[in-house]
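So this one's coords_30.cif, mmCIF, C-alpha atoms (C1' of nucleotides) and all ligand atoms:
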data_protein
loop_
_atom_site.label_atom_id
_atom_site.label_comp_id
_atom_site.auth_asym_id
_atom_site.auth_seq_id
_atom_site.Cartn_x
_atom_site.Cartn_y
_atom_site.Cartn_z
CA MET A 3 -43.09 -42.76 -4.26
CA ILE A 4 -44.95 -43.92 -1.22
CA LEU A 5 -48.09 -42.69 0.47
CA LYS A 6 -47.62 -41.04 3.83
CA SER A 7 -48.30 -43.11 6.87
CA GLN A 8 -51.09 -40.70 7.79
CA VAL A 9 -53.12 -42.37 5.04
CA GLU A 10 -53.03 -45.67 6.87
CA TRP A 11 -53.77 -43.93 10.14
CA ALA A 12 -56.72 -42.01 8.73
CA LEU A 13 -58.23 -45.12 7.16
CA HIS A 14 -58.00 -47.08 10.38
CA CYS A 15 -59.47 -44.21 12.38
CA CYS A 16 -62.35 -43.94 9.93
CA ALA A 17 -62.96 -47.66 10.31
CA ILE A 18 -63.30 -47.18 14.04
CA LEU A 19 -65.48 -44.10 13.71
CA ALA A 20 -67.64 -46.03 11.27
CA GLY A 21 -68.43 -48.55 13.97
CA LEU A 22 -69.36 -45.92 16.53
CA PRO A 23 -73.03 -45.67 17.57
CA GLU A 24 -74.97 -42.73 16.23
CA GLY A 25 -74.12 -39.43 17.89
CA ARG A 26 -71.03 -40.53 19.82
CA TYR A 27 -67.65 -38.81 19.48
CA LEU A 28 -64.20 -40.30 19.84
CA SER A 29 -61.19 -38.20 20.82
CA THR A 30 -57.77 -38.00 19.21
CA LYS A 31 -56.33 -39.33 22.43
CA ALA A 32 -58.44 -42.48 22.32
CA LEU A 33 -57.70 -43.06 18.64
CA ALA A 34 -53.99 -42.55 19.19
CA GLU A 35 -53.89 -44.93 22.14
CA PHE A 36 -55.89 -47.55 20.34
CA HIS A 37 -53.54 -47.56 17.36
CA GLY A 38 -50.34 -46.83 19.24
CA LEU A 39 -49.71 -43.61 17.36
CA PRO A 40 -48.27 -40.20 18.32
CA LYS A 41 -51.29 -38.19 19.45
CA GLU A 42 -50.12 -34.77 18.26
CA TYR A 43 -49.25 -35.93 14.79
CA LEU A 44 -52.32 -38.11 14.37
CA SER A 45 -54.23 -34.97 15.26
CA LYS A 46 -52.98 -33.38 12.05
CA ALA A 47 -54.41 -36.24 10.01
CA LEU A 48 -57.75 -35.93 11.75
CA GLN A 49 -57.73 -32.20 11.13
CA SER A 50 -57.27 -32.96 7.43
CA LEU A 51 -60.33 -35.21 7.56
CA SER A 52 -62.20 -32.45 9.31
CA GLN A 53 -61.23 -29.84 6.72
CA ALA A 54 -62.37 -32.22 4.01
CA LYS A 55 -65.74 -32.42 5.78
CA LEU A 56 -65.48 -36.16 6.21
CA VAL A 57 -65.72 -35.91 9.97
CA GLU A 58 -67.29 -33.51 12.43
CA SER A 59 -65.72 -32.51 15.68
CA THR A 60 -66.84 -31.13 18.98
CA LEU A 61 -64.84 -29.53 21.75
CA GLY A 62 -64.57 -29.98 25.47
CA PRO A 63 -64.37 -33.09 27.60
CA SER A 64 -66.18 -35.93 25.86
CA GLY A 65 -65.36 -34.15 22.63
CA GLY A 66 -63.77 -35.70 19.59
CA TYR A 67 -64.72 -36.81 16.10
CA ARG A 68 -67.53 -38.62 14.36
CA LEU A 69 -68.23 -39.28 10.71
CA ALA A 70 -70.02 -36.46 8.95
CA ARG A 71 -71.79 -38.74 6.47
CA PRO A 72 -73.21 -42.26 6.26
CA THR A 73 -70.48 -44.88 5.87
CA ALA A 74 -71.80 -45.81 2.45
CA GLU A 75 -71.12 -42.28 1.28
CA ILE A 76 -67.47 -42.04 2.28
CA THR A 77 -64.95 -43.77 0.03
CA PHE A 78 -61.32 -44.69 0.35
CA LEU A 79 -60.59 -41.99 -2.18
CA ASP A 80 -62.20 -39.35 0.04
CA VAL A 81 -59.91 -40.29 2.89
CA VAL A 82 -56.79 -40.64 0.77
CA GLU A 83 -57.35 -37.29 -0.91
CA ALA A 84 -58.09 -35.59 2.39
CA VAL A 85 -54.66 -36.60 3.64
CA GLU A 86 -52.56 -36.69 0.48
CA GLY A 87 -54.24 -33.95 -1.46
CA LYS A 88 -55.96 -34.11 -4.80
CA GLU A 89 -52.95 -33.42 -6.99
CA ARG A 90 -52.10 -36.06 -9.53
CA THR A 91 -49.20 -38.35 -8.70
CA PHE A 92 -47.42 -37.52 -11.95
CA ALA A 93 -46.22 -33.95 -12.17
CA CYS A 94 -45.29 -32.76 -15.63
CA SER A 95 -42.45 -30.27 -15.70
CA ASN A 96 -42.94 -29.63 -19.40
CA ILE A 97 -39.44 -30.60 -20.38
CA ARG A 98 -40.44 -30.80 -24.03
CA ALA A 99 -40.31 -27.00 -23.97
CA ASN A 100 -36.53 -27.33 -23.73
CA ASN A 101 -36.27 -29.09 -27.09
CA PRO A 102 -33.57 -27.19 -28.97
CA CYS A 103 -35.45 -27.71 -32.23
CA ARG A 104 -38.59 -26.12 -30.92
CA PRO A 105 -39.52 -23.09 -33.01
CA GLU A 106 -39.41 -19.67 -31.32
CA GLY A 107 -42.67 -18.84 -29.62
CA TYR A 108 -44.11 -22.25 -30.41
CA CYS A 109 -46.49 -23.40 -27.72
CA GLU A 110 -47.72 -26.94 -27.27
CA ALA A 111 -51.46 -27.34 -27.46
CA GLY A 112 -51.96 -29.51 -24.38
CA PRO A 113 -50.43 -32.23 -22.27
CA CYS A 114 -48.33 -34.64 -24.29
CA ALA A 115 -48.94 -38.35 -24.71
CA VAL A 116 -46.58 -39.23 -21.87
CA ALA A 117 -48.47 -37.15 -19.36
CA ARG A 118 -51.83 -38.41 -20.56
CA VAL A 119 -50.87 -42.04 -20.04
CA MET A 120 -49.55 -41.29 -16.57
CA TRP A 121 -52.70 -39.38 -15.72
CA ASP A 122 -54.91 -42.19 -17.02
CA ALA A 123 -53.09 -44.58 -14.71
CA ASP A 124 -53.54 -42.14 -11.84
CA GLU A 125 -57.24 -42.01 -12.60
CA ALA A 126 -57.46 -45.82 -12.66
CA TRP A 127 -55.94 -45.81 -9.18
CA ARG A 128 -58.43 -43.25 -7.97
CA ALA A 129 -61.34 -45.05 -9.57
CA LYS A 130 -60.47 -48.16 -7.62
CA LEU A 131 -60.26 -46.21 -4.39
CA ARG A 132 -63.54 -44.52 -5.21
CA SER A 133 -65.25 -47.87 -5.62
CA VAL A 134 -64.82 -48.96 -2.01
CA SER A 135 -66.82 -47.31 0.74
CA LEU A 136 -66.27 -47.32 4.46
CA ALA A 137 -69.43 -49.42 4.73
CA ALA A 138 -67.83 -52.10 2.57
CA LEU A 139 -64.65 -51.93 4.63
CA VAL A 140 -66.46 -52.37 7.91
CA GLN A 141 -68.38 -55.30 6.51
CA THR A 142 -65.18 -57.04 5.48
CA LEU A 143 -63.45 -56.31 8.77
CA GLU A 144 -66.43 -57.63 10.70
CA GLN A 145 -66.20 -60.89 8.80
CA GLU A 146 -62.46 -61.26 9.13
CA ILE A 147 -61.67 -60.12 12.63
CA PRO A 148 -62.30 -62.69 15.37
CA THR A 149 -65.57 -61.87 17.09
CA THR A 150 -64.06 -61.65 20.54
CA LEU A 151 -61.39 -59.19 19.40
CA TRP A 152 -63.93 -57.15 17.49
CA GLN A 153 -66.22 -56.91 20.49
CA SER A 154 -63.54 -56.17 23.05
CA SER A 155 -62.14 -53.48 20.76
CA PHE A 156 -65.45 -51.70 20.56
CA GLN A 157 -65.99 -52.10 24.27
CA TRP A 158 -62.62 -50.42 24.76
CA VAL A 159 -63.57 -47.67 22.33
CA LEU A 160 -67.05 -47.08 23.69
CA LYS A 161 -65.74 -46.68 27.21
CA ARG A 162 -63.80 -43.67 25.89
CA ALA A 163 -66.36 -42.27 23.48
CA GLY A 164 -68.14 -39.11 24.49
CA MET B 23 -47.06 -38.55 -2.85
CA ILE B 24 -45.62 -37.66 -6.17
CA LEU B 25 -43.46 -39.61 -8.62
CA LYS B 26 -39.91 -38.43 -8.94
CA SER B 27 -39.08 -36.27 -11.88
CA GLN B 28 -36.71 -38.97 -13.09
CA VAL B 29 -39.80 -40.89 -14.19
CA GLU B 30 -40.73 -38.17 -16.63
CA TRP B 31 -37.12 -37.93 -17.79
CA ALA B 32 -36.80 -41.67 -18.31
CA LEU B 33 -40.03 -41.87 -20.28
CA HIS B 34 -39.02 -39.05 -22.58
CA CYS B 35 -35.58 -40.55 -23.09
CA CYS B 36 -37.12 -43.90 -23.94
CA ALA B 37 -39.37 -42.19 -26.45
CA ILE B 38 -36.30 -40.76 -28.16
CA LEU B 39 -34.39 -44.04 -28.03
CA ALA B 40 -37.45 -45.75 -29.46
CA GLY B 41 -37.18 -43.59 -32.56
CA LEU B 42 -33.49 -44.31 -33.07
CA PRO B 43 -32.51 -46.44 -36.08
CA GLU B 44 -31.44 -50.01 -35.38
CA GLY B 45 -28.00 -50.30 -33.83
CA ARG B 46 -27.38 -46.63 -33.03
CA TYR B 47 -26.53 -45.38 -29.53
CA LEU B 48 -27.33 -42.05 -27.94
CA SER B 49 -25.26 -40.61 -25.12
CA THR B 50 -26.37 -39.18 -21.79
CA LYS B 51 -24.93 -35.87 -22.88
CA ALA B 52 -27.13 -35.71 -25.98
CA LEU B 53 -30.25 -36.76 -24.06
CA ALA B 54 -29.56 -34.21 -21.35
CA GLU B 55 -29.03 -31.40 -23.83
CA PHE B 56 -32.10 -32.31 -25.81
CA HIS B 57 -34.33 -32.21 -22.75
CA GLY B 58 -32.51 -29.45 -20.90
CA LEU B 59 -31.71 -31.64 -17.93
CA PRO B 60 -28.72 -31.96 -15.58
CA LYS B 61 -26.47 -34.51 -17.26
CA GLU B 62 -25.04 -36.09 -14.13
CA TYR B 63 -28.38 -36.65 -12.50
CA LEU B 64 -30.10 -37.83 -15.66
CA SER B 65 -27.28 -40.33 -15.85
CA LYS B 66 -28.57 -41.96 -12.67
CA ALA B 67 -31.97 -42.47 -14.24
CA LEU B 68 -30.41 -44.03 -17.32
CA GLN B 69 -28.33 -46.29 -15.11
CA SER B 70 -31.57 -47.45 -13.50
CA LEU B 71 -32.94 -48.29 -16.94
CA SER B 72 -29.74 -50.13 -17.69
CA GLN B 73 -29.88 -52.15 -14.48
CA ALA B 74 -33.47 -53.06 -15.29
CA LYS B 75 -32.24 -54.37 -18.65
CA LEU B 76 -34.47 -52.00 -20.57
CA VAL B 77 -31.54 -50.39 -22.34
CA GLU B 78 -28.07 -51.50 -23.36
CA SER B 79 -25.04 -49.31 -23.17
CA THR B 80 -21.67 -49.12 -24.79
CA LEU B 81 -18.59 -47.18 -23.78
CA GLY B 82 -16.17 -44.90 -25.51
CA PRO B 83 -16.73 -42.08 -27.96
CA SER B 84 -19.92 -42.68 -29.92
CA GLY B 85 -21.08 -44.66 -26.92
CA GLY B 86 -24.41 -44.30 -25.16
CA TYR B 87 -27.69 -46.14 -24.84
CA ARG B 88 -30.15 -48.00 -27.02
CA LEU B 89 -33.25 -49.98 -26.20
CA ALA B 90 -32.58 -53.57 -25.27
CA ARG B 91 -35.90 -54.86 -26.60
CA PRO B 92 -38.42 -54.09 -29.35
CA THR B 93 -40.55 -51.05 -28.52
CA ALA B 94 -43.67 -53.22 -28.39
CA GLU B 95 -42.13 -55.19 -25.55
CA ILE B 96 -41.32 -52.29 -23.24
CA THR B 97 -44.17 -50.81 -21.26
CA PHE B 98 -44.65 -47.67 -19.22
CA LEU B 99 -44.67 -49.89 -16.16
CA ASP B 100 -41.23 -51.23 -16.99
CA VAL B 101 -39.83 -47.72 -17.11
CA VAL B 102 -41.68 -46.48 -14.04
CA GLU B 103 -40.61 -49.48 -11.97
CA ALA B 104 -37.03 -49.19 -13.16
CA VAL B 105 -36.87 -45.68 -11.74
CA GLU B 106 -39.29 -45.82 -8.81
CA GLY B 107 -38.79 -49.39 -7.75
CA LYS B 108 -41.31 -52.18 -7.58
CA GLU B 109 -42.50 -51.61 -4.04
CA ARG B 110 -46.18 -50.93 -3.59
CA THR B 111 -47.19 -47.33 -3.03
CA PHE B 112 -49.03 -48.19 0.18
CA ALA B 113 -46.78 -49.35 2.97
CA CYS B 114 -48.50 -51.11 5.83
CA SER B 115 -46.91 -50.52 9.21
CA ASN B 116 -49.16 -53.07 10.86
CA ILE B 117 -50.61 -50.67 13.37
CA ARG B 118 -53.38 -53.12 14.21
CA ALA B 119 -50.73 -54.99 16.20
CA ASN B 120 -50.88 -52.10 18.69
CA ASN B 121 -54.53 -52.72 19.51
CA PRO B 122 -54.66 -52.83 23.32
CA CYS B 123 -57.36 -55.52 23.15
CA ARG B 124 -55.23 -57.82 21.06
CA PRO B 125 -54.66 -61.10 22.87
CA GLU B 126 -51.11 -61.96 23.94
CA GLY B 127 -49.20 -63.74 21.21
CA TYR B 128 -52.09 -63.34 18.78
CA CYS B 129 -50.86 -63.00 15.24
CA GLU B 130 -52.93 -61.76 12.31
CA ALA B 131 -53.27 -64.19 9.47
CA GLY B 132 -52.49 -61.84 6.60
CA PRO B 133 -52.85 -58.29 5.37
CA CYS B 134 -56.02 -56.62 6.59
CA ALA B 135 -58.86 -55.29 4.46
CA VAL B 136 -57.44 -51.78 4.43
CA ALA B 137 -54.15 -52.90 2.98
CA ARG B 138 -55.83 -55.13 0.42
CA VAL B 139 -57.94 -52.31 -0.95
CA MET B 140 -54.93 -50.04 -1.19
CA TRP B 141 -52.93 -52.74 -2.91
CA ASP B 142 -55.76 -53.45 -5.35
CA ALA B 143 -55.73 -49.78 -6.30
CA ASP B 144 -51.98 -49.90 -6.69
CA GLU B 145 -52.37 -52.89 -8.98
CA ALA B 146 -55.00 -51.06 -11.04
CA TRP B 147 -52.49 -48.25 -11.52
CA ARG B 148 -49.80 -50.68 -12.60
CA ALA B 149 -52.16 -52.55 -14.91
CA LYS B 150 -52.87 -49.33 -16.74
CA LEU B 151 -49.18 -48.57 -17.07
CA ARG B 152 -48.56 -52.11 -18.23
CA SER B 153 -51.10 -51.73 -20.99
CA VAL B 154 -49.22 -49.04 -22.87
CA SER B 155 -46.04 -49.88 -24.75
CA LEU B 156 -43.34 -47.60 -26.04
CA ALA B 157 -44.50 -48.54 -29.53
CA ALA B 158 -47.94 -47.13 -28.75
CA LEU B 159 -46.39 -44.00 -27.28
CA VAL B 160 -44.26 -43.34 -30.33
CA GLN B 161 -47.24 -43.84 -32.61
CA THR B 162 -49.24 -41.26 -30.66
CA LEU B 163 -46.38 -38.79 -30.53
CA GLU B 164 -45.81 -39.14 -34.26
CA GLN B 165 -49.44 -38.25 -34.89
CA GLU B 166 -49.52 -35.33 -32.52
CA ILE B 167 -46.19 -33.60 -32.94
CA PRO B 168 -45.94 -31.30 -35.97
CA THR B 169 -44.06 -33.12 -38.72
CA THR B 170 -41.40 -30.44 -39.07
CA LEU B 171 -40.61 -30.47 -35.35
CA TRP B 172 -40.57 -34.26 -35.29
CA GLN B 173 -38.17 -34.42 -38.20
CA SER B 174 -35.85 -31.68 -37.03
CA SER B 175 -35.72 -33.29 -33.61
CA PHE B 176 -34.57 -36.58 -35.01
CA GLN B 177 -32.12 -34.85 -37.28
CA TRP B 178 -30.69 -33.17 -34.19
CA VAL B 179 -30.57 -36.49 -32.38
CA LEU B 180 -29.10 -38.50 -35.25
CA LYS B 181 -26.28 -36.04 -35.68
CA ARG B 182 -25.23 -36.94 -32.13
CA ALA B 183 -25.99 -40.66 -32.18
CA GLY B 184 -23.05 -43.05 -32.31
"C1'" DT C 19 -68.72 -20.29 37.86
"C1'" DA C 20 -64.15 -22.48 37.89
"C1'" DG C 21 -61.56 -26.02 36.01
"C1'" DA C 22 -60.47 -29.69 32.96
"C1'" DA C 23 -60.53 -31.70 28.46
"C1'" DT C 24 -60.77 -31.06 23.94
"C1'" DA C 25 -60.03 -29.39 18.63
"C1'" DC C 26 -57.46 -26.24 16.09
"C1'" DG C 27 -53.73 -23.85 14.19
"C1'" DG C 28 -49.03 -21.86 14.22
"C1'" DA C 29 -44.24 -22.50 15.03
"C1'" DT C 30 -40.43 -25.27 14.98
"C1'" DA C 31 -37.39 -29.27 15.23
"C1'" DA C 32 -35.85 -33.92 13.60
"C1'" DT C 33 -35.57 -37.24 10.12
"C1'" DA C 34 -35.79 -39.13 5.62
"C1'" DA C 35 -36.07 -38.71 0.66
"C1'" DA C 36 -35.28 -36.44 -3.67
"C1'" DT C 37 -32.27 -33.71 -6.33
"C1'" DA C 38 -27.83 -32.49 -7.78
"C1'" DT C 39 -22.76 -32.38 -8.26
"C1'" DC C 40 -18.17 -34.22 -8.17
"C1'" DC C 41 -14.70 -37.59 -8.81
"C1'" DT C 42 -12.53 -42.11 -9.88
"C1'" DT C 43 -12.36 -46.27 -12.72
"C1'" DA C 44 -12.78 -49.22 -16.66
"C1'" DT C 45 -13.98 -49.57 -21.45
"C1'" DT C 46 -14.17 -48.33 -26.20
"C1'" DG C 47 -13.26 -46.00 -30.64
"C1'" DC C 48 -10.08 -43.41 -33.17
"C1'" DG D 29 -1.94 -43.01 -26.64
"C1'" DC D 30 -5.93 -39.95 -26.29
"C1'" DA D 31 -10.54 -38.56 -25.83
"C1'" DA D 32 -15.22 -39.78 -24.89
"C1'" DT D 33 -18.12 -42.51 -22.59
"C1'" DA D 34 -20.94 -45.55 -18.79
"C1'" DA D 35 -20.74 -46.87 -14.12
"C1'" DG D 36 -20.68 -46.21 -9.50
"C1'" DG D 37 -19.20 -44.14 -5.01
"C1'" DA D 38 -19.15 -40.08 -2.13
"C1'" DT D 39 -21.20 -36.06 -0.73
"C1'" DA D 40 -23.87 -31.72 -0.74
"C1'" DT D 41 -28.24 -29.31 -1.18
"C1'" DT D 42 -32.97 -28.95 -1.09
"C1'" DT D 43 -37.53 -30.50 -0.13
"C1'" DA D 44 -41.01 -33.50 2.07
"C1'" DT D 45 -42.36 -36.15 5.85
"C1'" DT D 46 -42.69 -37.03 10.59
"C1'" DA D 47 -42.97 -35.28 15.04
"C1'" DT D 48 -43.33 -32.18 19.07
"C1'" DC D 49 -44.65 -28.01 21.46
"C1'" DC D 50 -47.55 -24.27 22.72
"C1'" DG D 51 -51.41 -20.76 22.74
"C1'" DT D 52 -56.36 -20.05 21.95
"C1'" DA D 53 -61.17 -20.81 21.86
"C1'" DT D 54 -64.78 -23.95 22.96
"C1'" DT D 55 -67.46 -27.17 25.59
"C1'" DC D 56 -68.54 -30.13 29.25
"C1'" DT D 57 -68.73 -31.13 34.23
"C1'" DA D 58 -68.70 -30.56 38.88
S1 LIG A 201 -44.77 -35.37 -19.80
FE1 LIG A 201 -45.50 -34.53 -21.72
S2 LIG A 201 -46.37 -32.59 -21.14
FE2 LIG A 201 -45.02 -33.25 -19.47
S3 LIG A 201 -43.00 -32.42 -19.97
FE3 LIG A 201 -43.04 -34.42 -20.84
S4 LIG A 201 -43.73 -33.97 -22.95
FE4 LIG A 201 -44.25 -32.24 -21.80
S1 LIG A 202 -53.33 -51.52 6.81
FE1 LIG A 202 -54.11 -53.45 7.58
S2 LIG A 202 -52.36 -54.77 7.68
FE2 LIG A 202 -51.61 -52.63 7.53
S3 LIG A 202 -51.45 -51.95 9.68
FE3 LIG A 202 -53.43 -51.35 9.03
S4 LIG A 202 -54.67 -53.13 9.75
FE4 LIG A 202 -52.62 -53.83 9.70
#
Take the structure in the file and give it back as structure tokens.
Ligand code: SF4
Ligand code: SF4
Amino acid sequence: MILKSQVEWALHCCAILAGLPEGRYLSTKALAEFHGLPKEYLSKALQSLSQAKLVESTLGPSGGYRLARPTAEITFLDVVEAVEGKERTFACSNIRANNPCRPEGYCEAGPCAVARVMWDADEAWRAKLRSVSLAALVQTLEQEIPTTLWQSSFQWVLKRAG
Amino acid sequence: MILKSQVEWALHCCAILAGLPEGRYLSTKALAEFHGLPKEYLSKALQSLSQAKLVESTLGPSGGYRLARPTAEITFLDVVEAVEGKERTFACSNIRANNPCRPEGYCEAGPCAVARVMWDADEAWRAKLRSVSLAALVQTLEQEIPTTLWQSSFQWVLKRAG
DNA sequence: TAGAATACGGATAATAAATATCCTTATTGC
DNA sequence: GCAATAAGGATATTTATTATCCGTATTCTA
């Protein structure tokens, strides 16, 4: 089990969009070039973000994406779920129903203990992702990335932002 | 991203093995029949458990598997990692290295903030799985499953255990 | 007003992973 | 010696991921 690479892409794109000045848009093309990613396929990830209402888009030249909400109000979980979906990572196929000793017509009340533990763990994962916002991410990145690289990156980006 | 179904299978099989009397073995065939699963493929999951030293096996008629450790010393995480592997669920492809503004020969010190958050969440998931033992699972199941079904199930199993 | 750049969605192809089956070998109990 | 078993290799089959291509509607710009 491994998350799709689109998750990493989407998170990095959101980090860039989070640093964009108010009202500016950044195109798929620019985001793809900046990260060295296939434009057409990255576009699908961005469309997922758009459908999840995390970003807004506009058409035409100088079109592209911008965040739809303040960075403090978008979490890692929002992005991950936009790309991966909201389904739990443990799917129960109800194999206990195949128990040969199971009485005719007997129907289990709810999810069994196995599923509940797996779902609790899934929720712990999500809770952690929910606890980190894009604002927090940008703050950390700003501290860690060398100032010159940070600035030249945003110069590069701004030159292409509509 | 979804866990393979072998995880569910392995957990249920461990739950059965956990209820087996000291020194008895249960075969793949019996476990597959009990859960209504494809024997050959379930066998692969059990082999994973065996390689992870969670279960011991013996050959010949009346052969099969038994737990290699006390139920209190086997956790959900042990079983999940035996089947799914120990790799983290977020794989970093280091796309920041593609940044066009990145200086020649510049090399990032360590994993970036994005990866660290994802890995923290992964660890939260594992911590939760680590916190539940097979002993705890069996205790819960024993409380929840109707006594008659519980007993007839283990009668069924014991008749086939070597 | 024409043209270029864009997001969006549908279709489809390529690749990788999960699921499943088959077969051979070595070991064990009877 | 025979039957049942775990183990592991080989190989299909099916599904998910990754990727590309194209048509349409929209928006900006010149
Ligand atoms: S995980 Fe629980 S609910 Fe799902 S099949 Fe197994 S016993 Fe049933
Ligand atoms: S997640 Fe972090 S370490 Fe991984 S590619 Fe992105 S920036 Fe680099």
Could you put an axis-aligned box around every listed atom of ligand LIG 202 (chain A), padded by 4 Å on each side, and send me its centre and edge lengths in Å to one decimal, as AutoDock Vina command-line options?
--center_x -53.1 --center_y -53.1 --center_z 8.3 --size_x 11.2 --size_y 11.4 --size_z 10.9
(request) Find the distance between atom C1' of DA25 of chain C and atom CA of Leu61 of chain A and write it in Å to one decimal. (result)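 A separation of 5.7 Å between them.
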(message) Quick check: residues of chain C within 8 Å of chain B, all atoms listed in the file, returned as number ranges by chain.
(response) C: 36-39, 45-47
Enumerate as a JSON list (two decimals) with C-alpha atoms, in the frame of the given file the residues belonging to chain B that approach chain A to within 6 Å, with all atoms listed in the file taken into account.
[["chain", "number", "residue", "atom", "x", "y", "z"],
["B", 23, "MET", "CA", -47.06, -38.55, -2.85],
["B", 24, "ILE", "CA", -45.62, -37.66, -6.17],
["B", 25, "LEU", "CA", -43.46, -39.61, -8.62],
["B", 56, "PHE", "CA", -32.10, -32.31, -25.81],
["B", 57, "HIS", "CA", -34.33, -32.21, -22.75],
["B", 58, "GLY", "CA", -32.51, -29.45, -20.90],
["B", 111, "THR", "CA", -47.19, -47.33, -3.03],
["B", 112, "PHE", "CA", -49.03, -48.19, 0.18],
["B", 117, "ILE", "CA", -50.61, -50.67, 13.37],
["B", 120, "ASN", "CA", -50.88, -52.10, 18.69],
["B", 121, "ASN", "CA", -54.53, -52.72, 19.51],
["B", 123, "CYS", "CA", -57.36, -55.52, 23.15],
["B", 143, "ALA", "CA", -55.73, -49.78, -6.30],
["B", 146, "ALA", "CA", -55.00, -51.06, -11.04],
["B", 147, "TRP", "CA", -52.49, -48.25, -11.52],
["B", 150, "LYS", "CA", -52.87, -49.33, -16.74],
["B", 175, "SER", "CA", -35.72, -33.29, -33.61]]
(message) Can you pull out the residues contacting Arg26 of chain A? Cut-off 10 Å, using only C-alpha atoms (C1' of nucleotides), and skip same-chain residues under 2 positions away; I want them as a list in words.
(response) Leu19, Leu22, Pro23, Glu24, Leu28, Ser64, Gly65, Gly66, Tyr67, Arg68, Leu69, Leu160, Arg162, Ala163 and Gly164 of chain A
(request) Please indicate the distance in Å from atom C1' of DG28 of chain C to atom CA of Tyr27 of chain A, rounded to one decimal place. (result) 25.7 Å
(request) Identify every residue of chain D that has at least one atom within 10 Å of any atom of chain B, counting all atoms listed in the file, and report the result as number ranges by chain. (result) D: 31-36, 44
(request) Would you mind reading off the distance between atom CA of Gly25 of chain A and atom CA of Val57 of chain A, one decimal, in Å? (result)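 These two atoms are separated by 12.1 Å.
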(message) Nearest residue to ligand LIG 202 (chain A) out of B:Arg138, B:Lys75, B:Lys108, B:Arg91, using all atoms listed in the file?
(response)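 For ligand LIG 202 (chain A), the nearest of the candidates is B:Arg138.
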